[in-house]
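S.K.: Dropping the structure in here first, questions after.
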Amino acid sequence: MSNNYELKGPFLLNKVTVNNRIDENAVGVYILEKVLSQDFLSQDLLIAKYVGRSDTDLNRRLQDHVRNDYYKQFKFKICANKTEAYKEECRLYHELKEPHGLDNDRHPDSPDDLDLECPYCWLKHSNSFS
Ligand SMILES: [Zn+2]
């Protein structure tokens, strides 16, 4: 059902892993997973609960999440440009908001200077509200 296999990971969300995997100034998308429960072997069961992107520096964005220390694992995909990153984020958002819901359940915003439409629900989501 899930086709987020195109993302790399999951990796443990910590400073060293993020630095080893992602260069500075990369454009890309990511999902964050947190522990839902433990199974009978005391192994963590993880679900994706956050979808995000960075148009300027994916490494720095993820380091913010490292400091918050809330999510355990991440997956990511490096994108060629902001347009691709926005479309990828929209795809992940629509794929993952069901059935468990996302902690950030607001629809992704278009990059400020591009005014793109979401390819999945055909709505414009601008953060300018103008
Ligand atoms: Zn949409």
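FYI, nothing fancy with the structure tokens labels: chains A, B, ... in order, residues from 1 per chain, ligands from 1 as they appear.
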Which residues are close to A:Gly9, i.e. within 8 Å by only C-alpha atoms, leaving aside same-chain residues fewer than 3 positions away? Reply as a ChimeraX atom specification.
M.R.: /A:74-76
S.K.: So which residues touch stretch 88-97 of chain A within 10 Å, counting only C-alpha atoms, skipping near sequence neighbours fewer than 3 positions away, as a PyMOL selection string?
M.R.: chain A and resi 1-4+28-31+47-54+77+79+82-85+100-110+117-121
S.K.: Residues as selected, C-alpha atoms, written as a short mmCIF file (atom, residue, chain, number, x, y, z; two decimals), in the first residue's frame, can you do that?
M.R.:
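Output file selection27.cif is given in full below:
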```cif
data_model
loop_
_atom_site.label_atom_id
_atom_site.label_comp_id
_atom_site.auth_asym_id
_atom_site.auth_seq_id
_atom_site.Cartn_x
_atom_site.Cartn_y
_atom_site.Cartn_z
CA MET A 1 0.00 0.00 0.00
CA SER A 2 2.64 2.46 1.00
CA ASN A 3 4.90 3.56 -1.81
CA ASN A 4 7.25 5.81 0.07
CA GLY A 28 14.53 17.62 -0.24
CA VAL A 29 11.67 16.01 1.61
CA TYR A 30 11.52 13.85 4.71
CA ILE A 31 9.22 11.92 6.95
CA ILE A 47 4.79 4.94 12.22
CA ALA A 48 5.29 8.00 10.06
CA LYS A 49 3.76 11.00 11.82
CA TYR A 50 5.38 14.02 10.18
CA VAL A 51 5.99 15.07 6.58
CA GLY A 52 8.22 18.00 5.73
CA ARG A 53 10.59 19.52 3.24
CA SER A 54 13.31 22.10 3.01
CA LYS A 77 14.76 12.07 -0.53
CA CYS A 79 15.14 16.63 -4.86
CA LYS A 82 11.87 23.39 -5.03
CA THR A 83 9.13 22.40 -7.48
CA GLU A 84 10.02 18.73 -7.26
CA ALA A 85 10.32 18.94 -3.48
CA HIS A 100 -2.87 7.24 11.49
CA GLY A 101 -2.95 10.96 10.86
CA LEU A 102 0.01 13.31 10.93
CA ASP A 103 1.18 15.54 13.74
CA ASN A 104 1.41 18.33 11.18
CA ASP A 105 -1.94 17.79 9.50
CA ARG A 106 -2.02 21.10 7.64
CA HIS A 107 -1.55 20.82 3.88
CA PRO A 108 1.96 21.70 2.63
CA ASP A 109 2.46 25.26 1.43
CA SER A 110 3.78 26.10 -1.98
CA GLU A 117 -0.86 23.77 -7.28
CA CYS A 118 -0.91 20.49 -5.41
CA PRO A 119 -0.96 17.74 -8.09
CA TYR A 120 -3.10 15.50 -5.87
CA CYS A 121 -5.96 17.70 -4.73
#
```
S.K.: Can you work out which one of A:Asn14, A:Asn25, A:Gln38, A:Asn20 has the shortest atom-to-atom distance to A:Tyr70, counting only C-alpha atoms?
M.R.: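 Counting only C-alpha atoms, the residue closest to A:Tyr70 is A:Asn14.
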S.K.: Where in stretch 59-121 of chain A does DSSP assign strand (DSSP E), given as a ChimeraX atom specification?
M.R.: /A:73-78
S.K.: Using N, CA and C atoms, can you export the residues from the last selection as a compact mmCIF listing (two decimals), in the first residue's frame?
M.R.:
```txt
# COMPACT_ATOMS: atom_id res chain seq x y z
N GLN A 73 13.06 8.14 14.09
CA GLN A 73 13.69 7.79 12.82
C GLN A 73 13.25 8.75 11.73
N PHE A 74 14.08 8.83 10.67
CA PHE A 74 13.68 9.63 9.52
C PHE A 74 13.97 8.88 8.23
N LYS A 75 13.24 9.26 7.20
CA LYS A 75 13.54 8.88 5.82
C LYS A 75 13.63 10.17 5.04
N PHE A 76 14.33 10.15 3.92
CA PHE A 76 14.44 11.39 3.17
C PHE A 76 14.65 11.10 1.69
N LYS A 77 14.46 12.14 0.89
CA LYS A 77 14.76 12.07 -0.53
C LYS A 77 15.29 13.43 -0.97
N ILE A 78 16.43 13.43 -1.62
CA ILE A 78 16.98 14.65 -2.17
C ILE A 78 16.27 14.96 -3.48
```
S.K.: Suppose you want the space between atom CA of A:Glu6 and atom CA of A:Ala80; what is it in Å?
M.R.: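 That distance, rounded to one decimal, is 14.4 Å.
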S.K.: Which one of A:Arg61, A:Lys72, A:Lys124, A:Arg21 sits closest to ligand 1 if you count only C-alpha atoms and all ligand atoms?
M.R.: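 Among the listed residues, the smallest separation from ligand 1 belongs to A:Lys124.
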S.K.: Go through A:Lys87, A:Leu45, A:Leu114, A:Ile22 and flag the residue nearest ligand 1, using only C-alpha atoms and all ligand atoms for the distances.
M.R.: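 Smallest distance to ligand 1 is found for A:Lys87.
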S.K.: Can you tell me which residues surround A:Arg60 at a distance of at most 10 Å, considering only C-alpha atoms, apart from same-chain residues fewer than 2 positions away, and format the answer as number ranges by chain?
M.R.: A: 15, 18-19, 22-26, 54, 56-58, 62-66
S.K.: Could you write out that same residue set with N, CA and C atoms as a PDB file, in the first residue's frame?
M.R.:
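Contents of part_34.pdb, as written:
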```pdb
ATOM      1  N   LYS A  15      22.182  13.686  15.289  1.00  0.00           N
ATOM      2  CA  LYS A  15      23.021  14.659  14.600  1.00  0.00           C
ATOM      3  C   LYS A  15      24.019  14.007  13.650  1.00  0.00           C
ATOM      4  N   VAL A  18      22.355  12.355  10.479  1.00  0.00           N
ATOM      5  CA  VAL A  18      21.903  13.374   9.525  1.00  0.00           C
ATOM      6  C   VAL A  18      23.109  13.956   8.786  1.00  0.00           C
ATOM      7  N   ASN A  19      24.170  14.264   9.512  1.00  0.00           N
ATOM      8  CA  ASN A  19      25.362  14.830   8.866  1.00  0.00           C
ATOM      9  C   ASN A  19      26.013  13.848   7.900  1.00  0.00           C
ATOM     10  N   ILE A  22      23.315  13.629   4.662  1.00  0.00           N
ATOM     11  CA  ILE A  22      22.767  14.755   3.900  1.00  0.00           C
ATOM     12  C   ILE A  22      23.746  15.923   3.898  1.00  0.00           C
ATOM     13  N   ASP A  23      24.117  16.349   2.706  1.00  0.00           N
ATOM     14  CA  ASP A  23      25.016  17.491   2.565  1.00  0.00           C
ATOM     15  C   ASP A  23      24.317  18.784   2.973  1.00  0.00           C
ATOM     16  N   GLU A  24      25.113  19.804   3.221  1.00  0.00           N
ATOM     17  CA  GLU A  24      24.559  21.136   3.455  1.00  0.00           C
ATOM     18  C   GLU A  24      23.860  21.641   2.194  1.00  0.00           C
ATOM     19  N   ASN A  25      22.855  22.454   2.409  1.00  0.00           N
ATOM     20  CA  ASN A  25      22.168  23.160   1.323  1.00  0.00           C
ATOM     21  C   ASN A  25      21.442  22.248   0.345  1.00  0.00           C
ATOM     22  N   ALA A  26      21.097  21.054   0.776  1.00  0.00           N
ATOM     23  CA  ALA A  26      20.338  20.153  -0.090  1.00  0.00           C
ATOM     24  C   ALA A  26      18.851  20.510  -0.021  1.00  0.00           C
ATOM     25  N   SER A  54      12.554  20.861   2.935  1.00  0.00           N
ATOM     26  CA  SER A  54      13.313  22.097   3.008  1.00  0.00           C
ATOM     27  C   SER A  54      13.686  22.518   1.600  1.00  0.00           C
ATOM     28  N   THR A  56      15.838  24.878   1.132  1.00  0.00           N
ATOM     29  CA  THR A  56      17.159  25.520   1.211  1.00  0.00           C
ATOM     30  C   THR A  56      18.226  24.659   1.887  1.00  0.00           C
ATOM     31  N   ASP A  57      17.863  23.933   2.928  1.00  0.00           N
ATOM     32  CA  ASP A  57      18.888  23.207   3.681  1.00  0.00           C
ATOM     33  C   ASP A  57      18.243  22.082   4.501  1.00  0.00           C
ATOM     34  N   LEU A  58      18.126  20.919   3.857  1.00  0.00           N
ATOM     35  CA  LEU A  58      17.455  19.783   4.496  1.00  0.00           C
ATOM     36  C   LEU A  58      18.195  19.338   5.763  1.00  0.00           C
ATOM     37  N   LEU A  62      16.465  19.097   9.518  1.00  0.00           N
ATOM     38  CA  LEU A  62      16.413  17.871  10.322  1.00  0.00           C
ATOM     39  C   LEU A  62      17.126  18.038  11.658  1.00  0.00           C
ATOM     40  N   GLN A  63      18.167  18.856  11.676  1.00  0.00           N
ATOM     41  CA  GLN A  63      18.847  19.086  12.962  1.00  0.00           C
ATOM     42  C   GLN A  63      17.914  19.784  13.957  1.00  0.00           C
ATOM     43  N   ASP A  64      16.987  20.596  13.445  1.00  0.00           N
ATOM     44  CA  ASP A  64      15.987  21.186  14.342  1.00  0.00           C
ATOM     45  C   ASP A  64      15.155  20.084  15.002  1.00  0.00           C
ATOM     46  N   HIS A  65      14.788  19.078  14.208  1.00  0.00           N
ATOM     47  CA  HIS A  65      14.016  17.966  14.766  1.00  0.00           C
ATOM     48  C   HIS A  65      14.858  17.135  15.729  1.00  0.00           C
ATOM     49  N   VAL A  66      16.147  17.007  15.447  1.00  0.00           N
ATOM     50  CA  VAL A  66      17.035  16.290  16.374  1.00  0.00           C
ATOM     51  C   VAL A  66      16.978  16.956  17.744  1.00  0.00           C
TER      52      VAL A  66
END
```
S.K.: For the atom pair atom CA of A:Lys34 and atom CA of A:Val16, what is the interatomic distance in Å to one decimal place?
M.R.: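 Going from atom CA of A:Lys34 over to atom CA of A:Val16 covers 18.7 Å.
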S.K.: Between A:Tyr86, A:Asn81, A:Pro99, A:Val35, single out the one closest to ligand 1, counting only C-alpha atoms and all ligand atoms.
M.R.: A:Tyr86
S.K.: So how many Å separate atom 1 (Zn, counted along the ligand's line) of ligand 1 and atom CA of A:Leu7, to one decimal?
M.R.: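 It comes out at 19.3 Å.
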S.K.: List every residue of chain A that DSSP, applied to the backbone of this structure, places in alpha helix (DSSP H), and write the result as a PyMOL selection string.
M.R.: chain A and resi 15-21+58-68+82-96
